[in-house]
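Below is target.txt, holding compact mmCIF, N, CA and C atoms.
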# COMPACT_ATOMS: atom_id res chain seq x y z
N MET A 1 -188.64 -156.60 -60.96
CA MET A 1 -188.01 -157.69 -61.68
C MET A 1 -187.40 -158.66 -60.67
N LEU A 2 -187.44 -159.92 -61.05
CA LEU A 2 -186.79 -160.96 -60.26
C LEU A 2 -185.85 -161.75 -61.15
N LYS A 3 -184.76 -162.19 -60.59
CA LYS A 3 -183.83 -163.01 -61.35
C LYS A 3 -184.45 -164.35 -61.69
N GLY A 4 -184.24 -164.79 -62.92
CA GLY A 4 -184.69 -166.12 -63.32
C GLY A 4 -186.16 -166.22 -63.69
N ILE A 5 -186.89 -165.13 -63.59
CA ILE A 5 -188.31 -165.14 -63.95
C ILE A 5 -188.50 -164.25 -65.17
N SER A 6 -189.14 -164.80 -66.16
CA SER A 6 -189.37 -164.08 -67.41
C SER A 6 -190.08 -162.75 -67.15
N PRO A 7 -189.65 -161.69 -67.82
CA PRO A 7 -190.35 -160.40 -67.68
C PRO A 7 -191.75 -160.43 -68.27
N LEU A 8 -192.11 -161.50 -68.99
CA LEU A 8 -193.47 -161.64 -69.52
C LEU A 8 -194.45 -162.05 -68.43
N ILE A 9 -193.94 -162.51 -67.31
CA ILE A 9 -194.81 -162.94 -66.22
C ILE A 9 -195.01 -161.77 -65.26
N SER A 10 -196.23 -161.25 -65.26
CA SER A 10 -196.57 -160.11 -64.42
C SER A 10 -196.64 -160.55 -62.95
N PRO A 11 -196.59 -159.60 -62.02
CA PRO A 11 -196.77 -159.94 -60.61
C PRO A 11 -198.10 -160.67 -60.36
N GLN A 12 -199.16 -160.24 -61.06
CA GLN A 12 -200.46 -160.90 -60.88
C GLN A 12 -200.39 -162.35 -61.35
N LEU A 13 -199.76 -162.60 -62.50
CA LEU A 13 -199.66 -163.97 -63.01
C LEU A 13 -198.78 -164.81 -62.09
N LEU A 14 -197.70 -164.25 -61.60
CA LEU A 14 -196.82 -164.99 -60.68
C LEU A 14 -197.60 -165.40 -59.43
N SER A 15 -198.42 -164.52 -58.92
CA SER A 15 -199.24 -164.83 -57.75
C SER A 15 -200.23 -165.95 -58.06
N VAL A 16 -200.86 -165.89 -59.22
CA VAL A 16 -201.81 -166.94 -59.62
C VAL A 16 -201.10 -168.29 -59.70
N LEU A 17 -199.95 -168.33 -60.37
CA LEU A 17 -199.21 -169.58 -60.53
C LEU A 17 -198.82 -170.17 -59.17
N ALA A 18 -198.37 -169.30 -58.26
CA ALA A 18 -197.97 -169.76 -56.93
C ALA A 18 -199.16 -170.21 -56.09
N SER A 19 -200.33 -169.65 -56.33
CA SER A 19 -201.53 -169.98 -55.56
C SER A 19 -202.19 -171.28 -56.00
N MET A 20 -201.89 -171.71 -57.21
CA MET A 20 -202.52 -172.92 -57.74
C MET A 20 -202.01 -174.16 -57.01
N GLY A 21 -202.89 -175.15 -56.88
CA GLY A 21 -202.53 -176.42 -56.27
C GLY A 21 -202.47 -177.53 -57.30
N HIS A 22 -202.04 -178.70 -56.85
CA HIS A 22 -201.94 -179.87 -57.74
C HIS A 22 -203.30 -180.19 -58.34
N GLY A 23 -203.32 -180.29 -59.66
CA GLY A 23 -204.56 -180.60 -60.36
C GLY A 23 -205.32 -179.38 -60.84
N ASP A 24 -204.96 -178.20 -60.34
CA ASP A 24 -205.60 -176.97 -60.83
C ASP A 24 -205.16 -176.72 -62.27
N GLU A 25 -206.03 -176.06 -63.02
CA GLU A 25 -205.75 -175.77 -64.42
C GLU A 25 -205.75 -174.28 -64.68
N ILE A 26 -204.90 -173.88 -65.62
CA ILE A 26 -204.85 -172.49 -66.06
C ILE A 26 -204.96 -172.49 -67.58
N VAL A 27 -205.71 -171.54 -68.10
CA VAL A 27 -205.91 -171.41 -69.54
C VAL A 27 -205.03 -170.27 -70.05
N LEU A 28 -204.25 -170.54 -71.07
CA LEU A 28 -203.56 -169.48 -71.80
C LEU A 28 -204.40 -169.26 -73.05
N ALA A 29 -205.11 -168.16 -73.08
CA ALA A 29 -206.13 -167.92 -74.10
C ALA A 29 -205.67 -166.91 -75.13
N ASP A 30 -206.14 -167.10 -76.34
CA ASP A 30 -205.81 -166.14 -77.40
C ASP A 30 -206.62 -164.86 -77.23
N ALA A 31 -206.34 -163.89 -78.05
CA ALA A 31 -206.95 -162.57 -77.93
C ALA A 31 -208.45 -162.57 -78.19
N HIS A 32 -208.96 -163.61 -78.85
CA HIS A 32 -210.39 -163.67 -79.20
C HIS A 32 -211.21 -164.49 -78.21
N PHE A 33 -210.56 -165.12 -77.26
CA PHE A 33 -211.22 -166.02 -76.32
C PHE A 33 -212.14 -165.25 -75.38
N PRO A 34 -213.34 -165.79 -75.08
CA PRO A 34 -214.28 -165.09 -74.19
C PRO A 34 -213.93 -165.25 -72.71
N ALA A 35 -212.73 -164.83 -72.33
CA ALA A 35 -212.21 -165.05 -70.98
C ALA A 35 -213.12 -164.47 -69.90
N HIS A 36 -213.52 -163.21 -70.04
CA HIS A 36 -214.32 -162.56 -69.00
C HIS A 36 -215.73 -163.12 -68.90
N SER A 37 -216.21 -163.76 -69.95
CA SER A 37 -217.52 -164.41 -69.90
C SER A 37 -217.46 -165.74 -69.17
N LEU A 38 -216.25 -166.33 -69.12
CA LEU A 38 -216.11 -167.66 -68.54
C LEU A 38 -215.52 -167.67 -67.13
N SER A 39 -214.85 -166.60 -66.73
CA SER A 39 -214.16 -166.61 -65.44
C SER A 39 -214.10 -165.23 -64.82
N ALA A 40 -214.14 -165.20 -63.50
CA ALA A 40 -213.92 -163.95 -62.77
C ALA A 40 -212.44 -163.72 -62.51
N ASN A 41 -211.62 -164.76 -62.71
CA ASN A 41 -210.19 -164.67 -62.45
C ASN A 41 -209.44 -164.62 -63.79
N VAL A 42 -209.38 -163.44 -64.37
CA VAL A 42 -208.71 -163.24 -65.66
C VAL A 42 -207.47 -162.38 -65.43
N VAL A 43 -206.36 -162.85 -65.96
CA VAL A 43 -205.09 -162.12 -65.91
C VAL A 43 -204.80 -161.65 -67.33
N ARG A 44 -204.45 -160.40 -67.49
CA ARG A 44 -204.15 -159.85 -68.81
C ARG A 44 -202.67 -160.01 -69.13
N ALA A 45 -202.39 -160.42 -70.36
CA ALA A 45 -201.03 -160.50 -70.89
C ALA A 45 -201.07 -160.00 -72.33
N ASP A 46 -201.58 -158.79 -72.49
CA ASP A 46 -201.77 -158.20 -73.81
C ASP A 46 -200.44 -158.11 -74.56
N GLY A 47 -200.50 -158.43 -75.84
CA GLY A 47 -199.32 -158.33 -76.68
C GLY A 47 -198.36 -159.51 -76.57
N VAL A 48 -198.64 -160.46 -75.69
CA VAL A 48 -197.76 -161.59 -75.47
C VAL A 48 -198.28 -162.80 -76.26
N HIS A 49 -197.38 -163.47 -76.96
CA HIS A 49 -197.74 -164.70 -77.68
C HIS A 49 -197.66 -165.88 -76.72
N ILE A 50 -198.51 -166.85 -76.94
CA ILE A 50 -198.60 -167.97 -76.01
C ILE A 50 -197.32 -168.80 -75.98
N ALA A 51 -196.67 -169.04 -77.10
CA ALA A 51 -195.42 -169.81 -77.08
C ALA A 51 -194.38 -169.13 -76.20
N ASP A 52 -194.30 -167.80 -76.27
CA ASP A 52 -193.37 -167.05 -75.43
C ASP A 52 -193.75 -167.16 -73.96
N LEU A 53 -195.03 -167.09 -73.68
CA LEU A 53 -195.50 -167.21 -72.30
C LEU A 53 -195.24 -168.61 -71.75
N LEU A 54 -195.41 -169.62 -72.58
CA LEU A 54 -195.09 -170.99 -72.17
C LEU A 54 -193.62 -171.10 -71.76
N ARG A 55 -192.74 -170.49 -72.55
CA ARG A 55 -191.31 -170.52 -72.22
C ARG A 55 -191.03 -169.84 -70.88
N GLY A 56 -191.83 -168.84 -70.53
CA GLY A 56 -191.65 -168.17 -69.25
C GLY A 56 -192.27 -168.92 -68.08
N ILE A 57 -193.43 -169.54 -68.30
CA ILE A 57 -194.16 -170.21 -67.23
C ILE A 57 -193.59 -171.58 -66.90
N LEU A 58 -193.30 -172.38 -67.90
CA LEU A 58 -193.01 -173.79 -67.65
C LEU A 58 -191.75 -174.08 -66.82
N PRO A 59 -190.73 -173.22 -66.82
CA PRO A 59 -189.64 -173.50 -65.88
C PRO A 59 -190.07 -173.38 -64.42
N LEU A 60 -191.18 -172.70 -64.16
CA LEU A 60 -191.69 -172.48 -62.81
C LEU A 60 -192.85 -173.41 -62.46
N PHE A 61 -193.42 -174.06 -63.45
CA PHE A 61 -194.73 -174.70 -63.33
C PHE A 61 -194.63 -176.18 -63.69
N PRO A 62 -194.74 -177.07 -62.71
CA PRO A 62 -194.70 -178.50 -63.03
C PRO A 62 -196.02 -178.94 -63.67
N LEU A 63 -195.92 -179.73 -64.72
CA LEU A 63 -197.12 -180.30 -65.33
C LEU A 63 -197.49 -181.59 -64.58
N ASP A 64 -198.78 -181.86 -64.52
CA ASP A 64 -199.28 -183.02 -63.79
C ASP A 64 -198.82 -184.31 -64.45
N GLU A 65 -198.07 -185.11 -63.70
CA GLU A 65 -197.55 -186.39 -64.22
C GLU A 65 -198.53 -187.54 -64.00
N TYR A 66 -199.64 -187.29 -63.30
CA TYR A 66 -200.57 -188.36 -62.97
C TYR A 66 -201.77 -188.44 -63.89
N VAL A 67 -201.78 -187.62 -64.92
CA VAL A 67 -202.86 -187.68 -65.91
C VAL A 67 -202.25 -187.93 -67.28
N GLU A 68 -203.05 -188.50 -68.16
CA GLU A 68 -202.56 -188.79 -69.51
C GLU A 68 -202.28 -187.52 -70.30
N TYR A 69 -203.13 -186.50 -70.11
CA TYR A 69 -203.00 -185.26 -70.87
C TYR A 69 -202.95 -184.05 -69.93
N PRO A 70 -201.76 -183.59 -69.56
CA PRO A 70 -201.66 -182.38 -68.74
C PRO A 70 -201.79 -181.10 -69.58
N LEU A 71 -201.89 -181.26 -70.89
CA LEU A 71 -202.04 -180.14 -71.82
C LEU A 71 -203.25 -180.40 -72.71
N LEU A 72 -204.10 -179.39 -72.86
CA LEU A 72 -205.30 -179.52 -73.68
C LEU A 72 -205.41 -178.33 -74.61
N MET A 73 -205.76 -178.61 -75.85
CA MET A 73 -205.99 -177.54 -76.82
C MET A 73 -207.36 -177.73 -77.45
N MET A 74 -207.85 -176.70 -78.08
CA MET A 74 -209.16 -176.75 -78.73
C MET A 74 -209.04 -177.43 -80.09
N ALA A 75 -209.97 -178.33 -80.37
CA ALA A 75 -210.05 -178.98 -81.67
C ALA A 75 -210.71 -178.03 -82.66
N ALA A 76 -210.41 -178.20 -83.92
CA ALA A 76 -211.00 -177.37 -84.96
C ALA A 76 -212.49 -177.66 -85.09
N VAL A 77 -213.25 -176.63 -85.31
CA VAL A 77 -214.67 -176.77 -85.61
C VAL A 77 -214.78 -177.36 -87.02
N GLU A 78 -215.80 -178.15 -87.23
CA GLU A 78 -215.99 -178.78 -88.54
C GLU A 78 -215.92 -177.73 -89.65
N GLY A 79 -215.10 -178.01 -90.66
CA GLY A 79 -214.92 -177.09 -91.77
C GLY A 79 -213.67 -176.24 -91.64
N ASP A 80 -213.14 -176.12 -90.41
CA ASP A 80 -211.88 -175.40 -90.18
C ASP A 80 -210.72 -176.38 -90.21
N THR A 81 -209.53 -175.86 -90.39
CA THR A 81 -208.33 -176.68 -90.30
C THR A 81 -207.38 -176.05 -89.29
N LEU A 82 -206.64 -176.91 -88.63
CA LEU A 82 -205.65 -176.44 -87.67
C LEU A 82 -204.36 -176.08 -88.39
N ASP A 83 -203.70 -175.05 -87.92
CA ASP A 83 -202.38 -174.70 -88.41
C ASP A 83 -201.37 -175.50 -87.59
N PRO A 84 -200.69 -176.49 -88.19
CA PRO A 84 -199.77 -177.32 -87.41
C PRO A 84 -198.61 -176.53 -86.81
N ALA A 85 -198.33 -175.35 -87.32
CA ALA A 85 -197.23 -174.53 -86.80
C ALA A 85 -197.53 -174.06 -85.38
N VAL A 86 -198.81 -173.91 -85.03
CA VAL A 86 -199.18 -173.44 -83.68
C VAL A 86 -198.78 -174.49 -82.66
N GLU A 87 -199.24 -175.72 -82.84
CA GLU A 87 -198.91 -176.79 -81.90
C GLU A 87 -197.40 -177.06 -81.90
N LYS A 88 -196.78 -176.97 -83.05
CA LYS A 88 -195.33 -177.19 -83.15
C LYS A 88 -194.58 -176.15 -82.31
N ALA A 89 -194.98 -174.89 -82.39
CA ALA A 89 -194.35 -173.83 -81.59
C ALA A 89 -194.56 -174.07 -80.10
N TYR A 90 -195.74 -174.52 -79.72
CA TYR A 90 -196.02 -174.80 -78.31
C TYR A 90 -195.17 -175.97 -77.83
N CYS A 91 -195.10 -177.03 -78.64
CA CYS A 91 -194.32 -178.21 -78.26
C CYS A 91 -192.84 -177.86 -78.11
N LYS A 92 -192.35 -176.99 -78.97
CA LYS A 92 -190.96 -176.55 -78.88
C LYS A 92 -190.73 -175.79 -77.57
N ALA A 93 -191.66 -174.92 -77.21
CA ALA A 93 -191.56 -174.17 -75.96
C ALA A 93 -191.66 -175.11 -74.76
N ILE A 94 -192.53 -176.08 -74.83
CA ILE A 94 -192.71 -177.04 -73.74
C ILE A 94 -191.45 -177.88 -73.55
N ALA A 95 -190.84 -178.27 -74.66
CA ALA A 95 -189.63 -179.12 -74.61
C ALA A 95 -188.46 -178.42 -73.93
N THR A 96 -188.46 -177.08 -73.92
CA THR A 96 -187.36 -176.37 -73.26
C THR A 96 -187.40 -176.54 -71.75
N ALA A 97 -188.56 -176.87 -71.18
CA ALA A 97 -188.69 -177.00 -69.74
C ALA A 97 -188.97 -178.43 -69.27
N HIS A 98 -189.44 -179.29 -70.17
CA HIS A 98 -189.83 -180.64 -69.78
C HIS A 98 -189.20 -181.67 -70.71
N GLU A 99 -188.60 -182.67 -70.08
CA GLU A 99 -188.01 -183.75 -70.86
C GLU A 99 -189.10 -184.71 -71.32
N GLY A 100 -188.85 -185.37 -72.43
CA GLY A 100 -189.78 -186.37 -72.93
C GLY A 100 -190.94 -185.74 -73.67
N ASN A 101 -191.70 -186.59 -74.29
CA ASN A 101 -192.85 -186.16 -75.08
C ASN A 101 -194.07 -186.01 -74.17
N ILE A 102 -194.66 -184.85 -74.16
CA ILE A 102 -195.87 -184.62 -73.37
C ILE A 102 -197.04 -184.52 -74.34
N ALA A 103 -198.00 -185.42 -74.18
CA ALA A 103 -199.13 -185.49 -75.10
C ALA A 103 -200.10 -184.33 -74.89
N ILE A 104 -200.66 -183.87 -75.99
CA ILE A 104 -201.68 -182.82 -75.96
C ILE A 104 -202.99 -183.41 -76.45
N GLU A 105 -204.04 -183.22 -75.66
CA GLU A 105 -205.37 -183.67 -76.05
C GLU A 105 -206.12 -182.51 -76.69
N ARG A 106 -206.91 -182.80 -77.70
CA ARG A 106 -207.76 -181.79 -78.35
C ARG A 106 -209.19 -181.98 -77.88
N LEU A 107 -209.79 -180.88 -77.41
CA LEU A 107 -211.17 -180.90 -76.96
C LEU A 107 -212.05 -180.13 -77.93
N GLU A 108 -213.25 -180.62 -78.12
CA GLU A 108 -214.26 -179.92 -78.92
C GLU A 108 -214.46 -178.53 -78.31
N ARG A 109 -214.80 -177.57 -79.14
CA ARG A 109 -214.87 -176.16 -78.75
C ARG A 109 -215.65 -175.92 -77.46
N PHE A 110 -216.88 -176.41 -77.38
CA PHE A 110 -217.71 -176.13 -76.21
C PHE A 110 -217.26 -176.93 -74.99
N ALA A 111 -216.67 -178.10 -75.20
CA ALA A 111 -216.07 -178.86 -74.09
C ALA A 111 -214.87 -178.09 -73.55
N PHE A 112 -214.12 -177.45 -74.44
CA PHE A 112 -212.97 -176.63 -74.03
C PHE A 112 -213.47 -175.45 -73.19
N TYR A 113 -214.54 -174.80 -73.64
CA TYR A 113 -215.09 -173.68 -72.88
C TYR A 113 -215.53 -174.11 -71.48
N GLU A 114 -216.16 -175.28 -71.37
CA GLU A 114 -216.59 -175.77 -70.06
C GLU A 114 -215.39 -176.06 -69.17
N ARG A 115 -214.35 -176.62 -69.75
CA ARG A 115 -213.12 -176.88 -68.98
C ARG A 115 -212.51 -175.56 -68.53
N ALA A 116 -212.53 -174.56 -69.41
CA ALA A 116 -211.99 -173.24 -69.08
C ALA A 116 -212.80 -172.58 -67.97
N ARG A 117 -214.10 -172.79 -67.98
CA ARG A 117 -214.98 -172.21 -66.95
C ARG A 117 -214.60 -172.73 -65.56
N ALA A 118 -214.11 -173.97 -65.50
CA ALA A 118 -213.73 -174.57 -64.22
C ALA A 118 -212.27 -174.32 -63.85
N ALA A 119 -211.53 -173.66 -64.73
CA ALA A 119 -210.10 -173.44 -64.49
C ALA A 119 -209.87 -172.46 -63.34
N PHE A 120 -208.71 -172.55 -62.73
CA PHE A 120 -208.31 -171.65 -61.65
C PHE A 120 -208.25 -170.22 -62.15
N ALA A 121 -207.72 -170.03 -63.36
CA ALA A 121 -207.61 -168.70 -63.95
C ALA A 121 -207.49 -168.82 -65.46
N ILE A 122 -207.77 -167.70 -66.13
CA ILE A 122 -207.58 -167.59 -67.57
C ILE A 122 -206.64 -166.42 -67.82
N VAL A 123 -205.60 -166.67 -68.60
CA VAL A 123 -204.67 -165.61 -68.99
C VAL A 123 -205.02 -165.19 -70.40
N GLN A 124 -205.50 -163.97 -70.56
CA GLN A 124 -205.88 -163.42 -71.87
C GLN A 124 -204.62 -162.82 -72.49
N THR A 125 -204.15 -163.44 -73.56
CA THR A 125 -202.91 -163.00 -74.21
C THR A 125 -203.22 -162.20 -75.47
N GLY A 126 -202.18 -161.82 -76.15
CA GLY A 126 -202.31 -161.13 -77.43
C GLY A 126 -202.19 -162.08 -78.61
N GLU A 127 -202.23 -163.39 -78.33
CA GLU A 127 -202.09 -164.39 -79.38
C GLU A 127 -203.21 -164.25 -80.41
N THR A 128 -202.85 -164.28 -81.69
CA THR A 128 -203.86 -164.16 -82.75
C THR A 128 -204.00 -165.44 -83.57
N ALA A 129 -203.21 -166.45 -83.27
CA ALA A 129 -203.31 -167.72 -84.01
C ALA A 129 -204.66 -168.37 -83.71
N GLN A 130 -205.32 -168.81 -84.77
CA GLN A 130 -206.61 -169.48 -84.59
C GLN A 130 -206.39 -170.81 -83.87
N TYR A 131 -207.24 -171.13 -82.93
CA TYR A 131 -207.14 -172.33 -82.10
C TYR A 131 -205.83 -172.35 -81.32
N GLY A 132 -205.42 -171.19 -80.83
CA GLY A 132 -204.18 -171.07 -80.10
C GLY A 132 -204.31 -171.25 -78.60
N ASN A 133 -205.49 -171.54 -78.10
CA ASN A 133 -205.72 -171.68 -76.66
C ASN A 133 -205.14 -172.99 -76.14
N ILE A 134 -204.61 -172.95 -74.92
CA ILE A 134 -204.08 -174.17 -74.30
C ILE A 134 -204.35 -174.14 -72.80
N ILE A 135 -204.66 -175.30 -72.26
CA ILE A 135 -204.88 -175.45 -70.82
C ILE A 135 -203.72 -176.27 -70.26
N LEU A 136 -203.18 -175.79 -69.12
CA LEU A 136 -202.10 -176.48 -68.43
C LEU A 136 -202.64 -176.99 -67.10
N LYS A 137 -202.38 -178.26 -66.79
CA LYS A 137 -202.78 -178.84 -65.49
C LYS A 137 -201.53 -178.91 -64.62
N LYS A 138 -201.63 -178.29 -63.45
CA LYS A 138 -200.46 -178.20 -62.56
C LYS A 138 -200.20 -179.51 -61.83
N GLY A 139 -198.92 -179.84 -61.76
CA GLY A 139 -198.48 -181.01 -61.02
C GLY A 139 -197.87 -180.60 -59.70
N VAL A 140 -196.99 -181.46 -59.20
CA VAL A 140 -196.31 -181.18 -57.94
C VAL A 140 -194.83 -180.93 -58.20
N VAL A 141 -194.23 -180.12 -57.36
CA VAL A 141 -192.80 -179.85 -57.46
C VAL A 141 -192.08 -181.01 -56.79
N ARG A 142 -191.16 -181.59 -57.50
CA ARG A 142 -190.40 -182.73 -56.95
C ARG A 142 -189.11 -182.25 -56.35
Please rewrite the model in this file as structure tokens.
Amino acid sequence: MLKGISPLISPQLLSVLASMGHGDEIVLADAHFPAHSLSANVVRADGVHIADLLRGILPLFPLDEYVEYPLLMMAAVEGDTLDPAVEKAYCKAIATAHEGNIAIERLERFAFYERARAAFAIVQTGETAQYGNIILKKGVVR
């Protein structure tokens, strides 16, 4: 254990976060996400909800201020609907670490998968909310 670091952040995840550079992306994926099919760098966070993980990560992780959308989520497939409570919970968690409104872009499902394939790492969580995946783009520490 370390002071000031959420116990939800494993040593492996802490190492990944510290190893990332400006512009690198990390995916916080739900329990159904094909993480191992898309990346060799998968960190397990079984049983952890993404909003809780965001609250643990974001005090340590600067979001990229040089892009319009440092946060990306998956758009609903035609015929599905998004649960607004999911994004609301994420925005609430994000607001605890970042001032101001940070815009979230929605990507089509397969575009999201391609973006995830290029990510630095994927964190496979225990999140069960449909369309609960989110990508964070790392900024610089000021």
Polymer residues at most 8 Å from (-209.6, -171.7, -68.7) by only N, CA and C atoms, as a ChimeraX atom specification: /A:25-29,35,38-39,112-123,134-136
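The two atoms in question, CA of Ala103 in chain A and CA of Leu72 in chain A, are spaced 8.7 Å apart.
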For atom C of Val77 in chain A and atom N of Glu108 in chain A, the interatomic separation in Å (one decimal):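 If I compute the distance from atom C of Val77 in chain A to atom N of Glu108 in chain A, I get 9.6 Å.
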DSSP alpha helix (DSSP H) selection over chain A, as number ranges by chain: A: 11-19, 35-38, 50-57, 84-95, 109-117
Produce a file of the selected residues containing N, CA and C atoms, as a compact mmCIF listing (two decimals), in the coordinates of the input.
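Output saved as part.txt:
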# COMPACT_ATOMS: atom_id res chain seq x y z
N PRO A 11 -196.59 -159.60 -62.02
CA PRO A 11 -196.77 -159.94 -60.61
C PRO A 11 -198.10 -160.67 -60.36
N GLN A 12 -199.16 -160.24 -61.06
CA GLN A 12 -200.46 -160.90 -60.88
C GLN A 12 -200.39 -162.35 -61.35
N LEU A 13 -199.76 -162.60 -62.50
CA LEU A 13 -199.66 -163.97 -63.01
C LEU A 13 -198.78 -164.81 -62.09
N LEU A 14 -197.70 -164.25 -61.60
CA LEU A 14 -196.82 -164.99 -60.68
C LEU A 14 -197.60 -165.40 -59.43
N SER A 15 -198.42 -164.52 -58.92
CA SER A 15 -199.24 -164.83 -57.75
C SER A 15 -200.23 -165.95 -58.06
N VAL A 16 -200.86 -165.89 -59.22
CA VAL A 16 -201.81 -166.94 -59.62
C VAL A 16 -201.10 -168.29 -59.70
N LEU A 17 -199.95 -168.33 -60.37
CA LEU A 17 -199.21 -169.58 -60.53
C LEU A 17 -198.82 -170.17 -59.17
N ALA A 18 -198.37 -169.30 -58.26
CA ALA A 18 -197.97 -169.76 -56.93
C ALA A 18 -199.16 -170.21 -56.09
N SER A 19 -200.33 -169.65 -56.33
CA SER A 19 -201.53 -169.98 -55.56
C SER A 19 -202.19 -171.28 -56.00
N ALA A 35 -212.73 -164.83 -72.33
CA ALA A 35 -212.21 -165.05 -70.98
C ALA A 35 -213.12 -164.47 -69.90
N HIS A 36 -213.52 -163.21 -70.04
CA HIS A 36 -214.32 -162.56 -69.00
C HIS A 36 -215.73 -163.12 -68.90
N SER A 37 -216.21 -163.76 -69.95
CA SER A 37 -217.52 -164.41 -69.90
C SER A 37 -217.46 -165.74 -69.17
N LEU A 38 -216.25 -166.33 -69.12
CA LEU A 38 -216.11 -167.66 -68.54
C LEU A 38 -215.52 -167.67 -67.13
N ILE A 50 -198.51 -166.85 -76.94
CA ILE A 50 -198.60 -167.97 -76.01
C ILE A 50 -197.32 -168.80 -75.98
N ALA A 51 -196.67 -169.04 -77.10
CA ALA A 51 -195.42 -169.81 -77.08
C ALA A 51 -194.38 -169.13 -76.20
N ASP A 52 -194.30 -167.80 -76.27
CA ASP A 52 -193.37 -167.05 -75.43
C ASP A 52 -193.75 -167.16 -73.96
N LEU A 53 -195.03 -167.09 -73.68
CA LEU A 53 -195.50 -167.21 -72.30
C LEU A 53 -195.24 -168.61 -71.75
N LEU A 54 -195.41 -169.62 -72.58
CA LEU A 54 -195.09 -170.99 -72.17
C LEU A 54 -193.62 -171.10 -71.76
N ARG A 55 -192.74 -170.49 -72.55
CA ARG A 55 -191.31 -170.52 -72.22
C ARG A 55 -191.03 -169.84 -70.88
N GLY A 56 -191.83 -168.84 -70.53
CA GLY A 56 -191.65 -168.17 -69.25
C GLY A 56 -192.27 -168.92 -68.08
N ILE A 57 -193.43 -169.54 -68.30
CA ILE A 57 -194.16 -170.21 -67.23
C ILE A 57 -193.59 -171.58 -66.90
N PRO A 84 -200.69 -176.49 -88.19
CA PRO A 84 -199.77 -177.32 -87.41
C PRO A 84 -198.61 -176.53 -86.81
N ALA A 85 -198.33 -175.35 -87.32
CA ALA A 85 -197.23 -174.53 -86.80
C ALA A 85 -197.53 -174.06 -85.38
N VAL A 86 -198.81 -173.91 -85.03
CA VAL A 86 -199.18 -173.44 -83.68
C VAL A 86 -198.78 -174.49 -82.66
N GLU A 87 -199.24 -175.72 -82.84
CA GLU A 87 -198.91 -176.79 -81.90
C GLU A 87 -197.40 -177.06 -81.90
N LYS A 88 -196.78 -176.97 -83.05
CA LYS A 88 -195.33 -177.19 -83.15
C LYS A 88 -194.58 -176.15 -82.31
N ALA A 89 -194.98 -174.89 -82.39
CA ALA A 89 -194.35 -173.83 -81.59
C ALA A 89 -194.56 -174.07 -80.10
N TYR A 90 -195.74 -174.52 -79.72
CA TYR A 90 -196.02 -174.80 -78.31
C TYR A 90 -195.17 -175.97 -77.83
N CYS A 91 -195.10 -177.03 -78.64
CA CYS A 91 -194.32 -178.21 -78.26
C CYS A 91 -192.84 -177.86 -78.11
N LYS A 92 -192.35 -176.99 -78.97
CA LYS A 92 -190.96 -176.55 -78.88
C LYS A 92 -190.73 -175.79 -77.57
N ALA A 93 -191.66 -174.92 -77.21
CA ALA A 93 -191.56 -174.17 -75.96
C ALA A 93 -191.66 -175.11 -74.76
N ILE A 94 -192.53 -176.08 -74.83
CA ILE A 94 -192.71 -177.04 -73.74
C ILE A 94 -191.45 -177.88 -73.55
N ALA A 95 -190.84 -178.27 -74.66
CA ALA A 95 -189.63 -179.12 -74.61
C ALA A 95 -188.46 -178.42 -73.93
N ARG A 109 -214.80 -177.57 -79.14
CA ARG A 109 -214.87 -176.16 -78.75
C ARG A 109 -215.65 -175.92 -77.46
N PHE A 110 -216.88 -176.41 -77.38
CA PHE A 110 -217.71 -176.13 -76.21
C PHE A 110 -217.26 -176.93 -74.99
N ALA A 111 -216.67 -178.10 -75.20
CA ALA A 111 -216.07 -178.86 -74.09
C ALA A 111 -214.87 -178.09 -73.55
N PHE A 112 -214.12 -177.45 -74.44
CA PHE A 112 -212.97 -176.63 -74.03
C PHE A 112 -213.47 -175.45 -73.19
N TYR A 113 -214.54 -174.80 -73.64
CA TYR A 113 -215.09 -173.68 -72.88
C TYR A 113 -215.53 -174.11 -71.48
N GLU A 114 -216.16 -175.28 -71.37
CA GLU A 114 -216.59 -175.77 -70.06
C GLU A 114 -215.39 -176.06 -69.17
N ARG A 115 -214.35 -176.62 -69.75
CA ARG A 115 -213.12 -176.88 -68.98
C ARG A 115 -212.51 -175.56 -68.53
N ALA A 116 -212.53 -174.56 -69.41
CA ALA A 116 -211.99 -173.24 -69.08
C ALA A 116 -212.80 -172.58 -67.97
N ARG A 117 -214.10 -172.79 -67.98
CA ARG A 117 -214.98 -172.21 -66.95
C ARG A 117 -214.60 -172.73 -65.56
CA of Met20 in chain A to atom N of Pro59 in chain A, straight-line distance in Å: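 Pair atom N of Pro59 in chain A / CA of Met20 in chain A returns 14.9 Å.
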Residues near Gly21 in chain A, cut-off 8 Å, all atoms listed in the file, skip fewer than 5 positions along chain, as a PyMOL selection string: chain A and resi 16+137-140
Expected answer as a list of chain:residue names: strand (DSSP E or B) residues in range 16-54 of chain A: A:Glu25, A:Ile26, A:Val27, A:Leu28, A:Ala29, A:Val42, A:Val43, A:Arg44, A:Ala45
Non-local contacts of Ile9 in chain A (8 Å; all atoms listed in the file; under 4 positions in same chain excluded) as a CSV table (one decimal) with N, CA and C atoms, in the coordinates of the input:
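Okay, selection-v7.csv is ready:
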chain,number,residue,atom,x,y,z
A,5,ILE,N,-186.9,-165.1,-63.6
A,5,ILE,CA,-188.3,-165.1,-64.0
A,5,ILE,C,-188.5,-164.2,-65.2
A,13,LEU,N,-199.8,-162.6,-62.5
A,13,LEU,CA,-199.7,-164.0,-63.0
A,13,LEU,C,-198.8,-164.8,-62.1
A,14,LEU,N,-197.7,-164.2,-61.6
A,14,LEU,CA,-196.8,-165.0,-60.7
A,14,LEU,C,-197.6,-165.4,-59.4
A,15,SER,N,-198.4,-164.5,-58.9
A,15,SER,CA,-199.2,-164.8,-57.8
A,15,SER,C,-200.2,-166.0,-58.1
A,53,LEU,N,-195.0,-167.1,-73.7
A,53,LEU,CA,-195.5,-167.2,-72.3
A,53,LEU,C,-195.2,-168.6,-71.8
A,56,GLY,N,-191.8,-168.8,-70.5
A,56,GLY,CA,-191.6,-168.2,-69.2
A,56,GLY,C,-192.3,-168.9,-68.1
A,57,ILE,N,-193.4,-169.5,-68.3
A,57,ILE,CA,-194.2,-170.2,-67.2
A,57,ILE,C,-193.6,-171.6,-66.9
